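Q: Sharing a structure, written as C-alpha cells. Questions coming.
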Amino acid sequence: MVNQTVSNSSYQNALIIGGGAAGLATALMLAKRSWKNITVLEKRPTADYYEPDKSYNYAIDGRGQKFTDYLEITDKLLEISVPSTEFYLTLIKADGSRKTSKLPIVDPNRKTTYWLPRQEFISLLYQEIQANWHDSIEVLFNVKSCDINKINESHAESKEQEKLEISVYKDDNSVTKFQPSLLVGCDGINSGVRNTLKQWDEAVLNKSVSNESITTKYQLHYYPSPSSLLRYKVLTLPASFPLDLDGKEKLVCNMAYAIRGSFKERQRAISLGLLPIKNPDSPRTANIITRPGHEIWNLKTGNEIYSFFEQAFPHLPVRQIISSEEAEKFAKSEGGQFPIPQYCSGLYYLLNQEQSNTGIVLLGDAIHCFPPDIGQGVNSALEDVCVLQSALSQSNDNISQALPLYESLRSKDLKPLIRLAQTAFPWQYNQAPLSRRLWSVNFFLRLLLSRVLPFIFSPPAFFLIQNHRLSYQEIWVKAQRTTKILYALGIILICCFFAIYFVYNV
Ligand SMILES: Cc1cc2nc3c(=O)[nH]c(=O)nc-3n(C[C@H](O)[C@H](O)[C@H](O)COP(=O)(O)OP(=O)(O)OC[C@H]3O[C@@H](n4cnc5c(N)ncnc54)[C@H](O)[C@@H]3O)c2cc1C
C-alpha cells in the first residue's frame with residue numbers, strides 16, 4: 001500500500017491548478033488585486049524545467065502586453081526577448097545558398113512583438129512572484145494529481161453549505177486538502193478541472209433529461225484545420241555551431257533560420273526551423289514539423305538519425321551540430337501532435353449560490369487550444385486573465401457576480417478565435433505546397449484589395465490579429481465580410497463571362 005501522509009486541511013482563498021503562463025499570470029493578477037492565500041499547483045519540478053518538446057518560443061504581442069503592462073513587467077520582458085523589429089530570417093537552401101530578410105507578414109504599424117522561449121517567460125512570471133508577491137502566492141511543484149469534490153458542511157445555526165474540497169497528491173506521496181473559495185483551472189489542453197465540471201454537469205443533466213446524448217457547456221467543440229494533427233519533434237542544439245562545412249559561418253543567437261533539406265519526396269522532405277533568442281549562451285532548439293507518415297517517425301536509433309540527417313543536410317556539419325546523446329534522445333522522443341482547434345463555451349461554475357460565494361473558473365488552453373499557426377496561444381491566455389481581472393474589478397471581487405460576467409465578456413471571442421486559428425495561416429508548414437500557393441494568392445489578393453479599397457476590403461486575418469485593439473470577434477466579422485464580398489464578386493465575374501460568351505457565340 002502506498003504510504004501517504006495527510007497534512008492538516010488548509011483553508012485557501014484561491015487555488016490555481018496549472019503553473020503555466022495562464023496559471024502564474026492569474027496568481028499575479030489576483031495578488032495585485034490584494035487577494036491573499038493564493039496557491040498554484042504545478043506538475044513540473046521547477047518553473048524553468050526544460051522539456052524539449054515544450055521548448056517552443058512565445059511571441060508576446062499587444063494582447064499579451066496588456067497583461068505585462070498591468071503587472072508593470074513589460075520592461076523586464078524586453079530585456080530577455082528579441083523584438084519583432086529586429087527579427088531577421090535566414091533561409092538556407094539545400095544547395096547551400098542563403099538569403100536573409102526581415103520577418104515576412106508582419107504589420108509594421110502594430111505594437112512590437114517580443115520573442116522568447118516558453119520556459120524563460122514562465123521563469124519571468126515566477127521570479128516576479130518570488131520578488132514581489134511571495135507573501136500572497138505559494139507555488140507547489142511536483143504535484144502528481146488532484147481530486148476535485150463538492151462537500152456539504154452542516155452548521156448548527158444555518159443550513160448545509162456546499163464547499164469545494166481539493167485533495168492534492170504530490171510526488172512524495174503526501175496529500176494536502178484545500179477548501180478554496182475560488183478554484184482556477186489553468187491546467188492546459190487536457191484540463192482535469194474542465195473534465196470534472198463536465199462530469200458534474202452530465203450527472204445533473206442525466207437526472208433531469210432522459211435523452212442519452214446530452215451536451216454540457218464544458219464539452220469541447222472541434223474545428224479541424226490543415227495543420228491539426230501534424231507531428232513535431234524538437235532537436236536541442238548547442239548555443240553556437242557552424243552553419244557550413246568549412247566552419248566559417250556561425251549561428252547568430254538573435255537570428256531566425258529556416259534550413260531546407262535536400263529530399264524532395266513528401267514523406268522525406270524536411271527542414272529545420274530555429275527561432276531567435278536573446279541569450280547567446282542558451283541552447284537553440286530546432287522544430288521539425290511533419291505529416292504523420294513521415295520517415296523521421298521510423299528512425300529509432302541515434303545512428304539512424306545521423307544517417308538520415310547527413311543525407312538530408314549535406315551542406316551542414318551534422319555531427320558537429322547534433323551530439324551523440326542528443327541523436328539518441330531525439331530518436332527515442334515520441335514528439336507531439338498539433339491539436340485540433342477546440343474550445344468550450346462554459347467558463348465557470350458556481351457552487352450553491354445562495355449560501356456560498358465559491359466558484360470555479362477556467363482560462364487558457366483549458367478553454368481554447370489550437371496549433372501554433374497564429375501565435376495566439378499565450379496571448380489569448382494572457383488576455384483571458386485581463387478579462388477576468390476586469391470582471392473581478394466590476395464586481396468588487398464578488399465571485400458569484402464576477403464569474404458569470406467573465407463568461408459573458410469572454411465567450412463571444414472564443415469561437416471566432418478558433419475559426420481564426422483554423423483558417424488564418426494553416427499552410428505554413430510546407431505540408432501541401434499547392435494548397436500553400438492557393439492560400440498565398442488569397443492572402444495577397446486581400447492585402448492588395450485592402451490597400452486599394454480599404455473601406456470595402458479588410459486586410460487578411462493574419463494581419464488583423466496583430467491589431468490588439470480589435471477583439472477576435474471583430475477580426476472574424478471583418479474577415480468574413482471580405483470573404484462574402486469576394487464570393488459575390490466571383491459570382492458576378494462568372495455571370496459576366498457567360499453573358500459575354502452567349503452574346504458573341506449564340
Ligand atoms: C508545439 C507547440 C508550439 C506552440 N507554439 C506556440 C507559439 O509559438 N506561441 C504561442 O503563443 N503559443 C504556442 N503554443 C501554445 C501554447 O503553448 C499555449 O497556448 C500556452 O502555453 C497556454 O498556456 P496555459 O498556461 O493555458 O497552458 P500550458 O502552457 O499547457 O500550461 C498548463 C500547465 O498546467 C500544468 N498541469 C496540467 N495538469 C496539472 C495538474 N493536474 N496539476 C498540476 N499542474 C498541472 C502543466 O504541467 C502545465 O505547466 C504552442 C503549443 C504547441 C503544442
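FYI, nothing fancy with the C-alpha cells labels: chains A, B, ... in order, residues from 1 per chain, ligands from 1 as they appear.
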Which residues sit within 6 Å of ligand 1, counting only C-alpha atoms and all ligand atoms, listed as a PyMOL selection string?
A: chain A and resi 17-23+41-44+56-59+143+145-146+186-188+338+364-365+372+375-379+381
Q: Kindly save the residues from that selection, with N, CA and C atoms included, as a tab-separated table (two decimals), in the first residue's frame.
A:
chain	number	residue	atom	x	y	z
A	17	ILE	N	-4.88	25.43	-10.45
A	17	ILE	CA	-4.27	24.18	-10.92
A	17	ILE	C	-3.62	24.45	-12.27
A	18	GLY	N	-2.29	24.31	-12.33
A	18	GLY	CA	-1.52	24.58	-13.55
A	18	GLY	C	-0.68	25.83	-13.39
A	19	GLY	N	0.64	25.64	-13.43
A	19	GLY	CA	1.56	26.78	-13.26
A	19	GLY	C	2.24	27.12	-14.57
A	20	GLY	N	1.47	27.11	-15.69
A	20	GLY	CA	1.99	27.60	-16.97
A	20	GLY	C	1.74	29.10	-17.04
A	21	ALA	N	1.72	29.63	-18.27
A	21	ALA	CA	1.55	31.08	-18.43
A	21	ALA	C	0.23	31.55	-17.82
A	22	ALA	N	-0.88	30.85	-18.11
A	22	ALA	CA	-2.18	31.30	-17.61
A	22	ALA	C	-2.25	31.22	-16.09
A	23	GLY	N	-1.73	30.13	-15.51
A	23	GLY	CA	-1.82	29.94	-14.06
A	23	GLY	C	-1.02	30.97	-13.28
A	41	LEU	N	-0.63	25.09	-8.16
A	41	LEU	CA	-0.16	23.70	-8.19
A	41	LEU	C	0.41	23.40	-9.56
A	42	GLU	N	1.61	22.85	-9.61
A	42	GLU	CA	2.24	22.58	-10.90
A	42	GLU	C	2.87	21.19	-10.89
A	43	LYS	N	2.66	20.48	-11.99
A	43	LYS	CA	3.19	19.11	-12.12
A	43	LYS	C	4.71	19.09	-12.25
A	44	ARG	N	5.24	20.08	-13.00
A	44	ARG	CA	6.68	20.08	-13.29
A	44	ARG	C	7.47	20.33	-12.00
A	56	TYR	N	9.16	25.52	-27.38
A	56	TYR	CA	8.93	26.47	-28.47
A	56	TYR	C	8.96	27.90	-27.92
A	57	ASN	N	8.99	28.85	-28.87
A	57	ASN	CA	9.07	30.26	-28.46
A	57	ASN	C	7.70	30.89	-28.39
A	58	TYR	N	7.49	31.75	-27.42
A	58	TYR	CA	6.30	32.58	-27.36
A	58	TYR	C	6.63	33.91	-28.05
A	59	ALA	N	5.63	34.47	-28.72
A	59	ALA	CA	5.77	35.84	-29.25
A	59	ALA	C	4.72	36.67	-28.51
A	143	VAL	N	3.44	18.27	-8.31
A	143	VAL	CA	2.10	17.78	-7.99
A	143	VAL	C	1.77	16.61	-8.93
A	145	SER	N	-1.34	14.60	-8.88
A	145	SER	CA	-2.72	14.65	-9.36
A	145	SER	C	-3.60	15.36	-8.32
A	146	CYS	N	-4.82	15.70	-8.74
A	146	CYS	CA	-5.75	16.41	-7.84
A	146	CYS	C	-7.13	15.78	-7.98
A	186	CYS	N	-6.22	26.16	-14.86
A	186	CYS	CA	-5.28	26.62	-15.90
A	186	CYS	C	-4.41	25.43	-16.27
A	187	ASP	N	-5.02	24.25	-16.35
A	187	ASP	CA	-4.24	23.02	-16.49
A	187	ASP	C	-4.19	22.51	-17.92
A	188	GLY	N	-4.30	23.45	-18.88
A	188	GLY	CA	-3.97	23.12	-20.26
A	188	GLY	C	-4.99	22.28	-21.01
A	338	PHE	N	0.10	18.50	-33.16
A	338	PHE	CA	-0.67	19.74	-33.05
A	338	PHE	C	-2.12	19.40	-32.75
A	364	GLY	N	-7.13	29.98	-20.41
A	364	GLY	CA	-6.01	29.47	-21.22
A	364	GLY	C	-6.40	28.27	-22.07
A	365	ASP	N	-5.39	27.38	-22.27
A	365	ASP	CA	-5.61	26.20	-23.12
A	365	ASP	C	-6.74	25.31	-22.61
A	372	PRO	N	0.11	26.18	-33.39
A	372	PRO	CA	0.74	27.48	-33.16
A	372	PRO	C	0.69	28.45	-34.36
A	375	GLY	N	0.21	32.18	-33.49
A	375	GLY	CA	0.96	32.71	-32.34
A	375	GLY	C	0.07	33.31	-31.26
A	376	GLN	N	-1.15	32.79	-31.11
A	376	GLN	CA	-2.08	33.40	-30.15
A	376	GLN	C	-2.28	32.56	-28.89
A	377	GLY	N	-1.61	31.40	-28.78
A	377	GLY	CA	-1.83	30.54	-27.61
A	377	GLY	C	-1.61	31.31	-26.32
A	378	VAL	N	-0.40	31.84	-26.16
A	378	VAL	CA	-0.09	32.54	-24.90
A	378	VAL	C	-0.80	33.89	-24.83
A	379	ASN	N	-0.94	34.56	-25.97
A	379	ASN	CA	-1.56	35.89	-25.95
A	379	ASN	C	-3.04	35.82	-25.58
A	381	ALA	N	-4.34	33.47	-23.80
A	381	ALA	CA	-4.39	33.07	-22.38
A	381	ALA	C	-4.19	34.31	-21.49
Q: Can you list every residue in segment 28-263 of chain A that DSSP puts in strand (DSSP E), as a ChimeraX atom specification?
A: /A:38-41,57-60,82-83,88-92,98-102,114-117,137-140,143-153,161-170,174-178,182-185,221-222,231-237,255-260
Q: Using only C-alpha atoms, please write the residues we just selected to a file, as a JSON list (two decimals), in the first residue's frame.
A:
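Done, and the output landed in result-v1.json:
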[["chain", "number", "residue", "atom", "x", "y", "z"],
["A", 38, "ILE", "CA", -3.13, 32.04, -3.41],
["A", 39, "THR", "CA", -1.68, 28.60, -4.14],
["A", 40, "VAL", "CA", -0.53, 27.44, -7.56],
["A", 41, "LEU", "CA", -0.16, 23.70, -8.19],
["A", 57, "ASN", "CA", 9.07, 30.26, -28.46],
["A", 58, "TYR", "CA", 6.30, 32.58, -27.36],
["A", 59, "ALA", "CA", 5.77, 35.84, -29.25],
["A", 60, "ILE", "CA", 4.20, 38.23, -26.73],
["A", 82, "VAL", "CA", 14.04, 39.59, -29.30],
["A", 83, "PRO", "CA", 11.74, 42.33, -30.69],
["A", 88, "TYR", "CA", 15.64, 38.62, -39.35],
["A", 89, "LEU", "CA", 15.22, 35.25, -41.02],
["A", 90, "THR", "CA", 18.00, 33.50, -42.93],
["A", 91, "LEU", "CA", 16.79, 30.91, -45.41],
["A", 92, "ILE", "CA", 19.48, 28.29, -46.14],
["A", 98, "ARG", "CA", 21.47, 31.87, -48.29],
["A", 99, "LYS", "CA", 19.05, 34.75, -48.19],
["A", 100, "THR", "CA", 18.40, 36.96, -45.17],
["A", 101, "SER", "CA", 15.23, 39.04, -44.97],
["A", 102, "LYS", "CA", 13.10, 40.84, -42.44],
["A", 114, "TYR", "CA", 8.68, 40.13, -28.19],
["A", 115, "TRP", "CA", 10.04, 36.62, -28.82],
["A", 116, "LEU", "CA", 11.40, 34.41, -26.05],
["A", 117, "PRO", "CA", 11.49, 30.70, -25.15],
["A", 137, "ILE", "CA", 1.38, 33.41, -3.60],
["A", 138, "GLU", "CA", 2.82, 29.97, -2.97],
["A", 139, "VAL", "CA", 3.78, 27.72, -5.89],
["A", 140, "LEU", "CA", 3.84, 23.97, -5.17],
["A", 143, "VAL", "CA", 2.10, 17.78, -7.99],
["A", 144, "LYS", "CA", 1.06, 14.31, -9.18],
["A", 145, "SER", "CA", -2.72, 14.65, -9.36],
["A", 146, "CYS", "CA", -5.75, 16.41, -7.84],
["A", 147, "ASP", "CA", -9.24, 15.20, -6.85],
["A", 148, "ILE", "CA", -11.90, 17.89, -7.00],
["A", 149, "ASN", "CA", -15.01, 17.33, -4.90],
["A", 150, "LYS", "CA", -18.04, 19.20, -3.63],
["A", 151, "ILE", "CA", -18.78, 18.56, 0.05],
["A", 152, "ASN", "CA", -21.69, 19.60, 2.24],
["A", 153, "GLU", "CA", -20.88, 21.10, 5.61],
["A", 161, "GLN", "CA", -23.19, 24.74, 2.98],
["A", 162, "GLU", "CA", -21.71, 23.41, -0.22],
["A", 163, "LYS", "CA", -17.91, 23.72, -0.35],
["A", 164, "LEU", "CA", -15.08, 22.74, -2.62],
["A", 165, "GLU", "CA", -12.51, 20.27, -1.38],
["A", 166, "ILE", "CA", -9.45, 19.51, -3.48],
["A", 167, "SER", "CA", -7.09, 16.70, -2.48],
["A", 168, "VAL", "CA", -3.64, 17.26, -3.89],
["A", 169, "TYR", "CA", -1.29, 14.31, -4.28],
["A", 170, "LYS", "CA", 2.42, 15.09, -4.58],
["A", 174, "SER", "CA", 1.85, 13.41, 0.63],
["A", 175, "VAL", "CA", -1.76, 14.53, 0.37],
["A", 176, "THR", "CA", -2.91, 18.06, 1.15],
["A", 177, "LYS", "CA", -6.54, 19.18, 1.19],
["A", 178, "PHE", "CA", -7.67, 22.63, 0.16],
["A", 182, "LEU", "CA", -12.02, 30.25, -5.97],
["A", 183, "LEU", "CA", -10.64, 27.27, -7.89],
["A", 184, "VAL", "CA", -8.90, 28.24, -11.14],
["A", 185, "GLY", "CA", -8.40, 25.68, -13.93],
["A", 221, "HIS", "CA", -16.20, 21.90, -29.94],
["A", 222, "TYR", "CA", -13.66, 20.87, -32.58],
["A", 231, "ARG", "CA", 3.50, 15.86, -35.73],
["A", 232, "TYR", "CA", 6.53, 17.67, -34.30],
["A", 233, "LYS", "CA", 9.80, 16.88, -32.59],
["A", 234, "VAL", "CA", 12.34, 19.28, -31.17],
["A", 235, "LEU", "CA", 16.12, 18.95, -31.55],
["A", 236, "THR", "CA", 18.15, 20.63, -28.80],
["A", 237, "LEU", "CA", 21.30, 22.14, -30.33],
["A", 255, "MET", "CA", 18.59, 35.40, -35.99],
["A", 256, "ALA", "CA", 15.84, 33.00, -37.11],
["A", 257, "TYR", "CA", 16.78, 30.24, -39.57],
["A", 258, "ALA", "CA", 14.85, 28.07, -41.98],
["A", 259, "ILE", "CA", 17.25, 25.34, -43.13],
["A", 260, "ARG", "CA", 15.86, 23.33, -46.03]]
Q: Produce a table with one row for each residue of segment 257-373 of chain A that has an atom at most 9 Å from any atom of segment 404-408 of chain A, each row naming the nearest atom pair and its distance in Å at one decimal; use only C-alpha atoms; arrange rows by chain and rising residue number; format as JSON lines.
A:
{"residue": "A:Ser345", "atom": "CA", "partner": "A:Glu407", "partner_atom": "CA", "distance": 8.1}
{"residue": "A:Gly346", "atom": "CA", "partner": "A:Glu407", "partner_atom": "CA", "distance": 7.3}
{"residue": "A:Leu347", "atom": "CA", "partner": "A:Glu407", "partner_atom": "CA", "distance": 5.5}
{"residue": "A:Tyr348", "atom": "CA", "partner": "A:Glu407", "partner_atom": "CA", "distance": 6.9}
{"residue": "A:Tyr349", "atom": "CA", "partner": "A:Pro404", "partner_atom": "CA", "distance": 8.5}
{"residue": "A:Leu350", "atom": "CA", "partner": "A:Pro404", "partner_atom": "CA", "distance": 8.8}
{"residue": "A:Val361", "atom": "CA", "partner": "A:Tyr406", "partner_atom": "CA", "distance": 8.9}
Q: Keeping only N, CA and C atoms, write the selected residues to a file as a short mmCIF file (atom, residue, chain, number, x, y, z; two decimals), in the first residue's frame.
A:
data_model
loop_
_atom_site.label_atom_id
_atom_site.label_comp_id
_atom_site.auth_asym_id
_atom_site.auth_seq_id
_atom_site.Cartn_x
_atom_site.Cartn_y
_atom_site.Cartn_z
N SER A 345 -17.62 26.45 -24.31
CA SER A 345 -18.29 27.72 -24.04
C SER A 345 -18.54 27.96 -22.55
N GLY A 346 -18.41 26.90 -21.73
CA GLY A 346 -18.61 27.07 -20.28
C GLY A 346 -17.31 27.46 -19.63
N LEU A 347 -17.28 28.65 -19.03
CA LEU A 347 -16.02 29.13 -18.46
C LEU A 347 -16.05 29.19 -16.93
N TYR A 348 -17.21 28.89 -16.33
CA TYR A 348 -17.24 28.98 -14.86
C TYR A 348 -18.29 28.01 -14.30
N TYR A 349 -18.22 27.84 -12.99
CA TYR A 349 -19.19 27.02 -12.26
C TYR A 349 -19.33 27.64 -10.88
N LEU A 350 -20.56 27.82 -10.42
CA LEU A 350 -20.76 28.36 -9.07
C LEU A 350 -21.36 27.29 -8.19
N VAL A 361 -13.31 28.65 -12.15
CA VAL A 361 -13.20 29.38 -13.41
C VAL A 361 -12.10 28.75 -14.26
#
Q: Would you list, as a PyMOL selection string, the residues of segment 127-249 of chain A that end up in helix (DSSP H, G or I) under DSSP run on this structure's backbone?
A: chain A and resi 127-132+192-208
Q: Do you have the atom CA of Ala131 of chain A-atom CA of Pro276 of chain A distance handy?
A: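 Taking atom CA of Ala131 of chain A and atom CA of Pro276 of chain A, their separation equals 27.7 Å.
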Q: Report, in Å to a single decimal, how far apart atom CA of Ile288 of chain A and atom CA of Ser271 of chain A are.
A: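 Computed distance, atom CA of Ser271 of chain A to atom CA of Ile288 of chain A, equals 6.6 Å.
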Q: What does the distance between atom CA of Gln401 of chain A and atom CA of Leu362 of chain A come to in Å, to one decimal place?
A: 15.4 Å
Q: Please list as a list of chain:residue names every residue within 9 Å of Leu382 of chain A, counting only C-alpha atoms and excluding residues in the same chain fewer than 5 positions away.
A: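 Listing them by chain and then by number gives A:Ala21, A:Ala22, A:Ala25, A:Thr26, A:Arg63, A:Gly64, A:Gln65, A:Lys66, A:Phe67, A:Thr68, A:Leu363, A:Gly364, A:Gly377, A:Val387.
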Q: Please provide the set of residues having any atom within 9 Å of Arg268 of chain A, restricted to only C-alpha atoms, with same-chain residues fewer than 5 positions apart removed, written as JSON, numbers by chain.
A: {"A": [263, 294, 295, 296, 312]}
Q: Using C-alpha atoms, can you export the residues from the last selection as a PDB file, in the first residue's frame?
A:
ATOM      1  CA  PHE A 263      14.897  15.477 -50.087  1.00  0.00           C
ATOM      2  CA  HIS A 294       6.986  10.986 -42.466  1.00  0.00           C
ATOM      3  CA  GLU A 295      10.130   8.810 -42.408  1.00  0.00           C
ATOM      4  CA  ILE A 296      11.510  10.647 -39.351  1.00  0.00           C
ATOM      5  CA  ALA A 312      19.053  15.396 -45.840  1.00  0.00           C
TER       6      ALA A 312
END
